[in-house]
>>> print(open('work-v1.cif').read())   # mmCIF, C-alpha atoms
data_final
loop_
_atom_site.label_atom_id
_atom_site.label_comp_id
_atom_site.auth_asym_id
_atom_site.auth_seq_id
_atom_site.Cartn_x
_atom_site.Cartn_y
_atom_site.Cartn_z
CA MET A 1 -3.62 5.46 3.62
CA LYS A 2 -2.58 8.45 5.71
CA THR A 3 0.51 9.24 7.73
CA MET A 4 -0.08 9.16 11.48
CA THR A 5 2.46 10.86 13.77
CA PHE A 6 2.68 9.69 17.38
CA ASP A 7 5.03 9.69 20.36
CA LEU A 8 5.10 6.83 22.87
CA GLY A 9 7.88 8.40 24.91
CA TYR A 10 10.73 7.59 22.54
CA GLY A 11 10.35 10.59 20.26
CA PRO A 12 8.09 11.24 17.24
CA GLN A 13 7.32 8.27 15.00
CA GLU A 14 5.25 7.79 11.86
CA PHE A 15 2.84 5.05 10.80
CA ARG A 16 0.90 4.68 7.57
CA ALA A 17 -2.66 4.02 8.73
CA TYR A 18 -5.75 3.06 6.78
CA VAL A 19 -8.45 5.70 7.26
CA ARG A 20 -11.79 4.89 5.69
CA PRO A 21 -12.96 7.50 3.17
CA ASP A 22 -16.20 9.42 3.57
CA VAL A 23 -19.15 7.26 2.49
CA ALA A 24 -20.10 9.68 -0.30
CA GLU A 25 -16.82 8.95 -2.04
CA PHE A 26 -17.93 5.33 -2.49
CA TYR A 27 -20.70 6.75 -4.71
CA ARG A 28 -18.23 8.99 -6.58
CA GLU A 29 -19.76 12.04 -4.94
CA GLU A 30 -18.34 14.91 -2.92
CA ALA A 31 -17.38 14.11 0.68
CA GLY A 32 -20.12 15.14 3.08
CA SER A 33 -22.91 14.95 0.49
CA ARG A 34 -24.27 11.68 1.92
CA GLN A 35 -24.83 10.42 5.44
CA GLU A 36 -23.68 6.96 6.48
CA LYS A 37 -26.43 4.62 7.70
CA LYS A 38 -25.96 3.04 11.10
CA PRO A 39 -26.28 -0.75 10.67
CA LEU A 40 -29.00 -2.64 12.51
CA HIS A 41 -26.42 -5.26 13.47
CA THR A 42 -24.63 -4.04 16.60
CA GLY A 43 -21.96 -6.72 16.95
CA TRP A 44 -18.22 -6.27 16.60
CA ALA A 45 -14.93 -8.02 17.36
CA ALA A 46 -13.85 -8.48 20.98
CA LYS A 47 -10.24 -9.33 21.85
CA PHE A 48 -8.92 -10.34 25.29
CA VAL A 49 -5.20 -10.01 26.05
CA ASN A 50 -3.61 -11.92 28.92
CA LEU A 51 -0.82 -9.84 30.51
CA SER A 52 -0.26 -12.31 33.33
CA THR A 53 2.35 -15.04 33.72
CA ARG A 54 -0.27 -17.80 33.99
CA ARG A 55 -2.65 -19.57 31.63
CA VAL A 56 -6.19 -18.28 31.99
CA ARG A 57 -9.54 -19.56 30.77
CA LEU A 58 -12.02 -17.25 29.04
CA PHE A 59 -15.75 -17.72 29.69
CA TRP A 60 -18.86 -16.14 28.25
CA ASP A 61 -20.99 -15.02 31.20
CA PRO A 62 -24.79 -15.54 30.89
CA ARG A 63 -25.23 -13.12 33.83
CA ASP A 64 -28.15 -15.11 35.24
CA GLY A 65 -26.39 -17.12 37.94
CA ARG A 66 -25.58 -20.08 35.70
CA PRO A 67 -21.96 -21.13 35.08
CA GLY A 68 -20.31 -19.48 32.11
CA SER A 69 -19.57 -21.17 28.79
CA PRO A 70 -15.84 -21.82 28.24
CA MET A 71 -14.47 -20.10 25.13
CA SER A 72 -10.72 -20.77 25.12
CA VAL A 73 -7.56 -21.06 27.18
CA VAL A 74 -5.19 -18.12 26.77
CA ALA A 75 -1.46 -18.60 27.33
CA PRO A 76 0.65 -15.91 29.06
CA TYR A 77 0.92 -12.80 26.86
CA ASP A 78 -1.35 -14.32 24.21
CA ALA A 79 -4.84 -13.23 23.18
CA ALA A 80 -8.20 -14.74 22.26
CA GLY A 81 -11.21 -13.24 20.59
CA THR A 82 -14.80 -13.66 19.47
CA ALA A 83 -17.61 -11.71 17.87
CA SER A 84 -19.73 -10.03 20.51
CA PHE A 85 -22.51 -7.53 21.20
CA PRO A 86 -23.00 -4.55 23.55
CA GLY A 87 -23.67 -5.72 27.08
CA HIS A 88 -22.23 -9.20 26.59
CA ALA A 89 -20.12 -10.24 29.56
CA PHE A 90 -17.05 -12.41 29.90
CA TYR A 91 -14.78 -13.46 32.75
CA LEU A 92 -11.37 -15.05 33.25
CA THR A 93 -10.30 -17.77 35.66
CA PRO A 94 -7.03 -19.62 36.18
CA ALA A 95 -6.90 -22.42 33.61
CA GLU A 96 -6.70 -25.02 36.39
CA ASP A 97 -9.32 -23.43 38.68
CA GLU A 98 -12.64 -22.46 37.10
CA GLU A 99 -14.16 -21.25 40.36
CA THR A 100 -11.78 -18.35 41.00
CA ILE A 101 -12.67 -15.32 38.90
CA LEU A 102 -9.69 -13.15 38.04
CA ALA A 103 -11.39 -10.45 35.98
CA ARG A 104 -14.73 -9.54 34.47
CA PHE A 105 -15.45 -7.63 31.27
CA VAL A 106 -18.67 -6.11 29.95
CA MET A 107 -18.64 -5.21 26.26
CA ASN A 108 -18.84 -1.45 25.86
CA PRO A 109 -18.71 -0.26 22.24
CA PRO A 110 -16.67 0.92 20.51
CA GLN A 111 -13.98 -0.64 22.74
CA ALA A 112 -12.87 -3.93 21.20
CA VAL A 113 -9.60 -4.78 23.01
CA TYR A 114 -9.67 -5.70 26.70
CA TYR A 115 -6.58 -6.36 28.83
CA TYR A 116 -6.20 -8.55 31.87
CA ASP A 117 -3.35 -6.72 33.59
CA PRO A 118 -2.58 -7.92 37.14
CA VAL A 119 0.76 -6.11 37.11
CA THR A 120 -0.39 -2.50 37.07
CA VAL A 121 -2.16 -1.47 40.27
CA GLU A 122 -4.03 1.76 39.60
CA GLY A 123 -3.07 4.50 42.02
CA ASP A 124 -0.32 2.45 43.67
CA GLU A 125 3.06 2.93 42.02
CA GLU A 126 4.88 1.02 44.76
CA ALA A 127 2.74 -2.10 44.28
CA THR A 128 3.05 -1.81 40.49
CA GLN A 129 6.84 -1.60 40.74
CA ALA A 130 6.92 -4.62 43.03
CA ASN A 131 4.94 -6.61 40.47
CA LEU A 132 7.28 -5.50 37.70
CA ASP A 133 10.33 -6.46 39.79
CA ALA A 134 8.86 -9.95 40.24
CA LEU A 135 8.88 -10.56 36.48
CA SER A 136 11.75 -12.34 34.80
CA ALA A 137 13.65 -10.47 32.08
CA ASP A 138 11.73 -12.36 29.39
CA GLN A 139 8.36 -11.73 31.06
CA PHE A 140 9.16 -8.04 31.51
CA ALA A 141 10.07 -7.70 27.82
CA LYS A 142 6.80 -9.32 26.76
CA TYR A 143 4.79 -7.21 29.17
CA GLN A 144 6.42 -4.01 27.94
CA GLU A 145 5.75 -4.95 24.32
CA HIS A 146 2.05 -5.24 25.10
CA VAL A 147 2.09 -1.95 27.01
CA THR A 148 3.64 -0.26 23.97
CA SER A 149 1.00 -1.85 21.74
CA ARG A 150 -1.76 -0.70 24.09
CA ASP A 151 -0.41 2.85 24.04
CA PHE A 152 -0.15 2.77 20.24
CA GLY A 153 -3.72 1.48 20.04
CA ARG A 154 -4.99 4.58 21.83
CA GLU A 155 -3.24 6.78 19.28
CA TYR A 156 -4.47 4.65 16.38
CA VAL A 157 -8.14 4.69 17.34
CA ASP A 158 -8.07 8.48 17.66
CA PHE A 159 -6.49 8.80 14.22
CA ALA A 160 -8.14 6.00 12.22
CA GLY A 161 -11.50 5.77 13.98
CA ARG A 162 -11.24 2.04 14.68
CA GLU A 163 -9.51 -0.22 17.19
CA TYR A 164 -6.06 -1.66 16.50
CA LEU A 165 -6.80 -5.39 16.77
CA VAL A 166 -3.26 -6.68 16.25
CA ARG A 167 -0.07 -6.22 18.25
CA TYR A 168 2.03 -3.23 17.32
CA PRO A 169 4.01 -3.30 15.15
CA ARG A 170 2.58 -5.56 12.45
CA ASN A 171 3.66 -5.26 8.84
CA ALA A 172 1.25 -4.40 6.05
CA PRO A 173 0.06 -7.41 4.02
CA SER A 174 2.62 -8.70 1.54
CA HIS A 175 -0.04 -9.73 -0.99
CA LYS A 176 -2.19 -7.71 -3.35
CA ILE A 177 -5.47 -6.23 -2.16
CA TRP A 178 -7.80 -5.35 -5.01
CA ARG A 179 -8.89 -1.73 -4.79
CA ALA A 180 -12.48 -1.08 -3.71
CA ASP A 181 -12.84 2.67 -4.11
CA ARG A 182 -16.46 2.80 -5.25
CA TYR A 183 -19.53 0.61 -5.56
CA GLY A 184 -19.72 -1.18 -8.88
CA GLN A 185 -16.00 -0.78 -9.61
CA GLU A 186 -14.74 -3.67 -11.72
CA HIS A 187 -11.46 -5.48 -12.23
CA TRP A 188 -10.72 -8.07 -14.90
CA VAL A 189 -8.49 -11.13 -14.56
CA ALA A 190 -7.61 -13.68 -17.22
CA THR A 191 -6.53 -17.18 -16.29
CA ARG A 192 -5.44 -20.16 -18.36
CA GLU A 193 -7.16 -22.43 -15.83
CA THR A 194 -10.28 -22.84 -17.94
CA HIS A 195 -13.39 -24.82 -17.04
CA PHE A 196 -13.64 -28.58 -17.31
CA VAL A 197 -16.39 -29.38 -19.83
CA GLU A 198 -16.05 -33.15 -19.64
CA MET A 199 -15.45 -35.36 -16.61
CA PRO A 200 -12.03 -37.05 -16.93
CA PRO A 201 -11.95 -40.82 -16.44
CA GLU A 202 -11.35 -42.05 -12.92
CA GLU A 203 -7.87 -43.36 -13.69
CA LYS A 204 -6.71 -39.81 -14.46
CA LEU A 205 -8.03 -38.35 -11.22
CA GLY A 206 -5.59 -39.84 -8.77
CA LYS A 207 -3.71 -37.99 -6.07
CA ILE A 208 -1.01 -35.61 -7.25
CA GLU A 209 2.31 -37.06 -6.16
CA GLU A 210 4.69 -34.49 -7.64
CA THR A 211 6.27 -32.01 -5.28
CA GLY A 212 7.96 -28.64 -5.51
CA GLU A 213 8.86 -27.19 -8.89
CA ARG A 214 7.84 -30.35 -10.70
CA ARG A 215 4.30 -29.02 -10.24
CA ALA A 216 5.09 -25.64 -11.77
CA LEU A 217 3.57 -24.92 -15.19
CA MET A 218 5.30 -22.52 -17.55
CA PRO A 219 3.23 -20.17 -19.76
CA GLY A 220 3.64 -22.42 -22.79
CA ASP A 221 2.92 -25.68 -20.96
CA PRO A 222 -0.50 -27.34 -21.45
CA ARG A 223 -2.83 -27.21 -18.46
CA LEU A 224 -3.38 -30.41 -16.51
CA LEU A 225 -5.99 -32.59 -18.28
CA HIS A 226 -6.34 -29.89 -20.94
CA GLU A 227 -8.15 -32.30 -23.27
CA TYR A 228 -11.17 -32.26 -20.94
CA ARG A 229 -11.37 -28.49 -20.68
CA SER A 230 -12.96 -25.69 -22.63
CA PRO A 231 -11.14 -25.05 -25.93
CA GLU A 232 -10.95 -21.35 -25.10
CA PRO A 233 -7.34 -20.31 -24.35
CA VAL A 234 -8.28 -18.28 -21.26
CA LEU A 235 -11.11 -17.83 -18.77
CA ASN A 236 -12.01 -14.20 -18.14
CA MET A 237 -13.01 -13.39 -14.57
CA THR A 238 -14.68 -10.14 -13.50
CA LEU A 239 -14.53 -8.77 -9.96
CA LYS A 240 -17.30 -6.31 -9.12
CA VAL A 241 -17.04 -4.28 -5.92
CA LEU A 242 -20.11 -4.77 -3.73
CA SER A 243 -18.80 -3.16 -0.55
CA CYS A 244 -15.99 -0.68 -0.06
CA SER A 245 -15.73 -0.99 3.71
CA THR A 246 -15.13 -4.73 3.94
CA THR A 247 -13.37 -4.87 0.58
CA ALA A 248 -15.90 -7.42 -0.64
CA GLY A 249 -16.11 -8.33 -4.30
CA ASP A 250 -18.30 -10.58 -6.41
CA ASN A 251 -16.37 -12.80 -8.82
CA THR A 252 -18.47 -14.04 -11.67
CA ARG A 253 -17.65 -16.99 -13.82
CA GLU A 254 -6.65 -28.69 21.91
CA LYS A 255 -8.79 -30.60 24.25
CA ASP A 256 -9.90 -27.23 25.58
CA ARG A 257 -11.20 -26.44 22.13
CA GLU A 258 -13.49 -29.45 22.27
CA ARG A 259 -15.44 -27.82 25.08
CA ASP A 260 -16.11 -24.73 23.01
CA SER A 261 -19.46 -25.51 21.43
CA THR A 262 -20.39 -23.76 18.19
CA ARG A 263 -23.85 -25.30 17.97
CA ASP A 264 -25.55 -21.96 18.61
CA THR A 265 -23.58 -20.13 15.93
CA ARG A 266 -22.77 -22.70 13.23
CA THR A 267 -25.09 -25.55 12.36
CA SER A 268 -23.69 -26.67 9.00
CA LEU A 269 -21.64 -29.76 8.19
CA ASN A 270 -18.18 -29.53 6.61
CA THR A 271 -15.17 -31.51 5.48
CA TRP A 272 -11.79 -30.70 3.93
CA VAL A 273 -10.60 -31.15 0.35
CA TYR A 274 -6.83 -30.95 -0.21
CA ARG A 275 -5.22 -29.51 -3.32
CA GLU A 276 -3.35 -32.73 -3.99
CA LYS A 277 -6.58 -34.76 -4.18
CA ASP A 278 -6.65 -34.61 -7.99
CA PRO A 279 -5.91 -32.28 -10.95
CA ILE A 280 -9.41 -30.74 -10.84
CA VAL A 281 -8.96 -29.49 -7.28
CA ASP A 282 -5.45 -28.38 -8.22
CA ALA A 283 -6.97 -26.28 -11.02
CA VAL A 284 -9.25 -24.54 -8.52
CA TYR A 285 -6.20 -23.46 -6.51
CA ARG A 286 -4.37 -22.28 -9.62
CA ARG A 287 -7.39 -20.25 -10.74
CA ALA A 288 -7.72 -18.76 -7.25
CA ALA A 289 -4.02 -17.84 -7.29
CA ASP A 290 -4.53 -15.96 -10.57
CA LEU A 291 -7.55 -14.16 -9.13
CA LEU A 292 -5.66 -13.16 -5.99
CA ARG A 293 -2.51 -12.27 -7.93
CA ILE A 294 -0.46 -14.71 -5.83
CA ASP A 295 2.12 -17.16 -7.18
CA GLU A 296 0.48 -20.60 -7.21
CA ALA A 297 3.68 -21.97 -5.66
CA LEU A 298 2.69 -20.19 -2.46
CA LEU A 299 -0.53 -22.20 -2.34
CA ARG A 300 1.28 -25.54 -2.19
CA PRO A 301 4.26 -27.03 -0.34
CA ARG A 302 7.63 -26.10 -1.82
CA THR A 303 10.95 -27.88 -1.74
CA LYS A 304 13.64 -26.20 0.33
CA GLU A 305 15.59 -25.37 -2.82
CA GLU A 306 12.60 -23.71 -4.48
CA HIS A 307 11.64 -21.95 -1.25
CA ASP A 308 15.12 -20.61 -0.50
CA ARG A 309 15.50 -19.26 -4.02
CA LYS A 310 12.08 -17.60 -4.36
CA TYR A 311 10.71 -16.97 -0.85
CA PRO A 312 13.55 -16.92 1.69
CA HIS A 313 11.68 -14.31 3.79
CA LEU A 314 9.06 -16.90 4.78
CA GLN A 315 9.74 -19.25 7.69
CA SER A 316 7.78 -22.21 6.32
CA VAL A 317 7.92 -24.12 3.04
CA GLY A 318 4.24 -24.95 3.46
CA SER A 319 1.23 -23.56 1.62
CA LEU A 320 -0.20 -20.15 2.51
CA ALA A 321 -3.65 -21.60 1.89
CA GLU A 322 -5.70 -23.99 3.95
CA ALA A 323 -7.38 -27.01 2.44
CA LEU A 324 -10.67 -26.18 0.74
CA GLN A 325 -13.53 -26.39 3.22
CA LEU A 326 -16.59 -28.04 1.68
CA VAL A 327 -19.71 -26.88 3.54
CA HIS A 328 -23.32 -28.09 3.40
CA TYR A 329 -26.29 -26.24 4.87
CA ASP A 330 -29.69 -27.93 5.21
CA VAL A 331 -32.99 -26.22 5.98
CA GLY A 332 -32.70 -24.12 9.13
CA GLN A 333 -28.92 -24.29 9.24
CA GLU A 334 -26.81 -21.13 9.37
CA TYR A 335 -23.58 -19.52 10.57
CA THR A 336 -24.21 -16.38 12.57
CA ALA A 337 -22.10 -13.24 12.11
CA HIS A 338 -18.41 -13.91 12.74
CA HIS A 339 -14.91 -13.04 11.60
CA ASP A 340 -12.48 -15.35 9.81
CA PHE A 341 -9.34 -13.93 11.41
CA GLY A 342 -7.79 -14.94 14.71
CA TYR A 343 -4.88 -13.76 16.88
CA ALA A 344 -1.37 -15.11 16.54
CA SER A 345 0.73 -16.43 19.41
CA PHE A 346 3.02 -13.87 21.02
CA ASP A 347 6.02 -15.88 19.85
CA ARG A 348 5.13 -15.17 16.22
CA LYS A 349 6.40 -11.63 15.69
CA ASP A 350 5.07 -11.67 12.12
CA GLN A 351 1.56 -12.38 13.50
CA PRO A 352 0.29 -14.70 10.74
CA ALA A 353 -3.46 -14.59 10.20
CA ARG A 354 -6.09 -15.26 7.58
CA PHE A 355 -5.78 -12.62 4.89
CA ALA A 356 -8.37 -13.39 2.21
CA THR A 357 -11.52 -15.49 2.03
CA LEU A 358 -12.82 -16.81 -1.29
CA LEU A 359 -16.33 -18.32 -1.07
CA LEU A 360 -17.13 -20.54 -4.05
CA TYR A 361 -20.85 -21.20 -4.61
CA LEU A 362 -21.61 -24.74 -5.82
CA ASN A 363 -25.39 -24.57 -6.22
CA GLU A 364 -28.26 -22.11 -6.42
CA GLY A 365 -32.06 -21.91 -6.24
CA MET A 366 -32.44 -22.34 -2.48
CA GLU A 367 -34.53 -19.92 -0.43
CA GLY A 368 -32.43 -18.03 2.08
CA GLY A 369 -28.80 -19.03 2.44
CA GLU A 370 -27.40 -15.66 1.39
CA THR A 371 -23.96 -14.53 2.48
CA SER A 372 -24.56 -11.43 4.58
CA PHE A 373 -22.24 -8.58 5.51
CA PRO A 374 -24.33 -6.97 8.27
CA ARG A 375 -22.06 -3.98 8.88
CA TRP A 376 -21.26 -2.86 5.34
CA VAL A 377 -20.78 0.88 5.05
CA ASN A 378 -23.35 2.61 2.85
CA ALA A 379 -25.72 5.56 2.69
CA GLU A 380 -28.91 3.75 1.68
CA THR A 381 -29.97 1.11 4.20
CA ARG A 382 -29.35 -0.14 7.73
CA ASP A 383 -29.83 -3.73 6.57
CA GLY A 384 -26.92 -5.98 5.74
CA LEU A 385 -25.52 -6.55 2.27
CA LYS A 386 -26.75 -9.95 1.08
CA VAL A 387 -25.16 -11.97 -1.73
CA VAL A 388 -27.39 -14.63 -3.29
CA PRO A 389 -25.54 -17.87 -4.15
CA LYS A 390 -25.17 -18.49 -7.89
CA VAL A 391 -23.29 -21.32 -9.60
CA GLY A 392 -20.08 -19.99 -11.14
CA LYS A 393 -19.86 -17.04 -8.78
CA ALA A 394 -17.72 -16.41 -5.74
CA VAL A 395 -17.28 -13.76 -3.07
CA LEU A 396 -13.83 -12.41 -2.22
CA PHE A 397 -13.19 -10.36 0.89
CA TYR A 398 -10.17 -9.49 2.99
CA SER A 399 -9.72 -9.91 6.73
CA GLN A 400 -6.72 -7.58 6.81
CA LEU A 401 -6.52 -3.87 6.09
CA PRO A 402 -3.77 -2.30 3.96
CA ASP A 403 -1.98 -1.13 7.12
CA GLY A 404 -1.76 -4.63 8.66
CA ASN A 405 -4.66 -4.27 11.09
CA MET A 406 -7.50 -6.80 11.09
CA ASP A 407 -10.72 -5.57 9.47
CA ASP A 408 -13.51 -5.65 12.04
CA TRP A 409 -15.96 -4.79 9.25
CA SER A 410 -15.25 -8.14 7.56
CA HIS A 411 -18.01 -9.46 9.85
CA HIS A 412 -20.13 -11.87 7.79
CA ALA A 413 -22.79 -14.53 8.19
CA ALA A 414 -24.42 -17.41 6.32
CA MET A 415 -28.14 -16.74 6.50
CA PRO A 416 -30.47 -19.65 7.38
CA VAL A 417 -31.58 -21.86 4.50
CA LYS A 418 -35.39 -21.72 4.31
CA LYS A 419 -35.95 -24.19 1.48
CA GLY A 420 -33.62 -26.53 -0.38
CA GLU A 421 -29.96 -26.87 0.50
CA LYS A 422 -26.73 -24.93 0.05
CA TRP A 423 -23.28 -26.13 -0.98
CA LEU A 424 -20.14 -24.02 -1.04
CA MET A 425 -16.38 -24.13 -0.65
CA ASN A 426 -14.20 -21.77 1.38
CA LEU A 427 -10.60 -21.05 0.49
CA TRP A 428 -8.62 -19.21 3.17
CA VAL A 429 -5.26 -17.67 2.32
CA TRP A 430 -2.97 -16.39 5.09
CA ASP A 431 -0.51 -13.52 5.33
CA PRO A 432 2.41 -13.52 5.75
CA GLU A 433 2.15 -17.31 5.99
CA TYR A 434 -0.08 -20.11 7.24
CA SER A 435 0.43 -20.98 10.88
#
>>> encode(input="work-v1.cif", output="structure tokens")
Amino acid sequence: MKTMTFDLGYGPQEFRAYVRPDVAEFYREEAGSRQEKKPLHTGWAAKFVNLSTRRVRLFWDPRDGRPGSPMSVVAPYDAAGTASFPGHAFYLTPAEDEETILARFVMNPPQAVYYYDPVTVEGDEEATQANLDALSADQFAKYQEHVTSRDFGREYVDFAGREYLVRYPRNAPSHKIWRADRYGQEHWVATRETHFVEMPPEEKLGKIEETGERRALMPGDPRLLHEYRSPEPVLNMTLKVLSCSTTAGDNTREKDRERDSTRDTRTSLNTWVYREKDPIVDAVYRRAADLLRIDEALLRPRTKEEHDRKYPHLQSVGSLAEALQLVHYDVGQEYTAHHDFGYASFDRKDQPARFATLLLYLNEGMEGGETSFPRWVNAETRDGLKVVPKVGKAVLFYSQLPDGNMDDWSHHAAMPVKKGEKWLMNLWVWDPEYS
């Protein structure tokens, strides 16, 4: 983290920005002694910000005369995004009129943030002022906030070497980020949520009905269904740093949306498994909380009394984590390179977003099916970093940087399964809260 000084017209200000170290430092060598390899994968995040007072529809443009593919509807002063490639084209239309094109964009790296701004008329101050005068006080305030963020983004990219993908200002994450200073670096975590070694009888696997602090377990309390678990008092977990850029670690032991097809990018099948399903699933959440160094109470609903006493800074009493996503890949199925984060509504000043992804591998032995990080920073290869699924292992990576920005380098993919099948579970934890 480095201190960035900037002036947006209100006097000098400071911001603690994340600046990626020289690649040689990841090998514990002197800066400048190694040269970073340019990845073969050329994609990156693309964000589109709507600075108009109307809802607009975002389309991917095939640029061959065919109609575009609808991506999403963007509310006034909100944003939408996708993973893209150089030369990809997009356009905007009014949400209610798909024939009238309002703006076109062609992806030009390294630019990642694109604004639809019908207010500012380049070279015509009189017309710009007339457009500003036509805004209501609320619309003007929102527009100016985006203008400030856009100006800050220019300063940030010059200082940090990457685009500012969130809206300025956004707080740094409130949860721990494990350090990833060098390849092979290890961290150790002990948890009392040991493995189940015997399947409990069906009558003990019912839905968890307790709420709030009645679900809390004190250090001296027995674990749920402890008689079916390993007799060892703790389970030792080791995190090994695989990538320093994406902070990746290996842990051993709306109607409009319906039109947005993902068939070309994701071909797996999935369902959702909720923490309250049974004590075994609950144990997975508790173990994940220990790994992430997050209070397990934040990964479940809390009573108002518990919430007000322990976490009054959060708006919601709900869990910071989503339900577990159970995913199955058959031969030929994949999920092309994408990001897990999205962009919060303008009305959410805290800009909640996915913070950490924990991929839990449930089987092994398939051909293909690796988890790939195609843009990992290294000095050895242009190919992506591939993690082979192994039972009892997981991959942890963060979608947010220590300064609150989204991490474009968290780009990842599920490689096609060539033989066999692949099962895994995703756990997504949000910061500052789930929205």
>>> closest_atom_pairs(input="work-v1.cif", of="segment 363-398 of chain A", to="segment 281-298 of chain A", cutoff="12 Å", atoms="only C-alpha atoms", output="tab-separated table")
residue	atom	partner	partner_atom	distance
A:Ala394	CA	A:Ala288	CA	10.4
A:Val395	CA	A:Leu291	CA	11.5
A:Leu396	CA	A:Leu292	CA	9.0
A:Phe397	CA	A:Leu292	CA	10.6
A:Tyr398	CA	A:Leu292	CA	10.7
>>> closest_residue(input="work-v1.cif", among="A:Ala45, A:Val56, A:Ala130, A:Leu102", to="Ala83 of chain A", atoms="only C-alpha atoms")
A:Ala45
>>> closest_residue(input="work-v1.cif", among="A:Thr42, A:Ser399, A:Thr267, A:Gln129", to="Gln333 of chain A", atoms="only C-alpha atoms")
A:Thr267
>>> residues_around(input="work-v1.cif", residues="segment 372-385 of chain A", least_positions_apart="2", cutoff="7 Å", atoms="all atoms listed in the file", output="list in words")
Val23, Arg34, Gln35, Glu36, Lys37, Lys38, Pro39, Leu40, His41, Ser243, Ser245, Thr246, Glu370, Val387, Trp409, His411, His412, Ala413, Ala414 and Met415 of chain A
>>> write_last_selection(input="work-v1.cif", atoms="C-alpha atoms", output="PDB file, in the frame of the given file")
ATOM      1  CA  VAL A  23     -19.150   7.260   2.490  1.00  0.00           C
ATOM      2  CA  ARG A  34     -24.270  11.680   1.920  1.00  0.00           C
ATOM      3  CA  GLN A  35     -24.830  10.420   5.440  1.00  0.00           C
ATOM      4  CA  GLU A  36     -23.680   6.960   6.480  1.00  0.00           C
ATOM      5  CA  LYS A  37     -26.430   4.620   7.700  1.00  0.00           C
ATOM      6  CA  LYS A  38     -25.960   3.040  11.100  1.00  0.00           C
ATOM      7  CA  PRO A  39     -26.280  -0.750  10.670  1.00  0.00           C
ATOM      8  CA  LEU A  40     -29.000  -2.640  12.510  1.00  0.00           C
ATOM      9  CA  HIS A  41     -26.420  -5.260  13.470  1.00  0.00           C
ATOM     10  CA  SER A 243     -18.800  -3.160  -0.550  1.00  0.00           C
ATOM     11  CA  SER A 245     -15.730  -0.990   3.710  1.00  0.00           C
ATOM     12  CA  THR A 246     -15.130  -4.730   3.940  1.00  0.00           C
ATOM     13  CA  GLU A 370     -27.400 -15.660   1.390  1.00  0.00           C
ATOM     14  CA  VAL A 387     -25.160 -11.970  -1.730  1.00  0.00           C
ATOM     15  CA  TRP A 409     -15.960  -4.790   9.250  1.00  0.00           C
ATOM     16  CA  HIS A 411     -18.010  -9.460   9.850  1.00  0.00           C
ATOM     17  CA  HIS A 412     -20.130 -11.870   7.790  1.00  0.00           C
ATOM     18  CA  ALA A 413     -22.790 -14.530   8.190  1.00  0.00           C
ATOM     19  CA  ALA A 414     -24.420 -17.410   6.320  1.00  0.00           C
ATOM     20  CA  MET A 415     -28.140 -16.740   6.500  1.00  0.00           C
TER      21      MET A 415
END
>>> residues_near_point(input="work-v1.cif", point="(6.7, -28.0, -10.4)", cutoff="12 Å", atoms="all atoms listed in the file", output="PyMOL selection string")
chain A and resi 208-218+221+296-298+300-303+305-306
>>> closest_residue(input="work-v1.cif", among="A:Lys240, A:Arg154, A:Lys422, A:Lys204", to="Leu326 of chain A", atoms="all atoms listed in the file")
A:Lys422
>>> resolve_selection(input="work-v1.cif", expression="the PyMOL selection byres ((chain A and resi 328) around 9)", output="compact mmCIF listing (two decimals) with C-alpha atoms, in the frame of the given file")
# COMPACT_ATOMS: atom_id res chain seq x y z
CA SER A 268 -23.69 -26.67 9.00
CA LEU A 269 -21.64 -29.76 8.19
CA ASN A 270 -18.18 -29.53 6.61
CA LEU A 326 -16.59 -28.04 1.68
CA VAL A 327 -19.71 -26.88 3.54
CA TYR A 329 -26.29 -26.24 4.87
CA ASP A 330 -29.69 -27.93 5.21
CA GLN A 333 -28.92 -24.29 9.24
CA GLU A 421 -29.96 -26.87 0.50
CA LYS A 422 -26.73 -24.93 0.05
CA TRP A 423 -23.28 -26.13 -0.98
CA LEU A 424 -20.14 -24.02 -1.04
CA MET A 425 -16.38 -24.13 -0.65
>>> atom_distance(input="work-v1.cif", atom1="atom CA of Glu193 of chain A", atom2="atom CA of Glu227 of chain A")
12.4 Å
>>> closest_residue(input="work-v1.cif", among="A:Leu51, A:Cys244, A:Leu205, A:Ala337", to="Asn131 of chain A", atoms="all atoms listed in the file")
A:Leu51
>>> closest_residue(input="work-v1.cif", among="A:Ser72, A:Asp78, A:Val49, A:Phe140", to="Asp347 of chain A", atoms="only C-alpha atoms")
A:Asp78
>>> resolve_selection(input="work-v1.cif", expression="the PyMOL selection byres ((chain A and resi 272) around 7)", output="list in words")
Thr271, Val273, Tyr274, Ala323, Leu324, Gln325 and Leu326 of chain A
>>> closest_residue(input="work-v1.cif", among="A:Ala112, A:Leu135, A:Val106, A:Met237", to="Thr53 of chain A", atoms="only C-alpha atoms")
A:Leu135
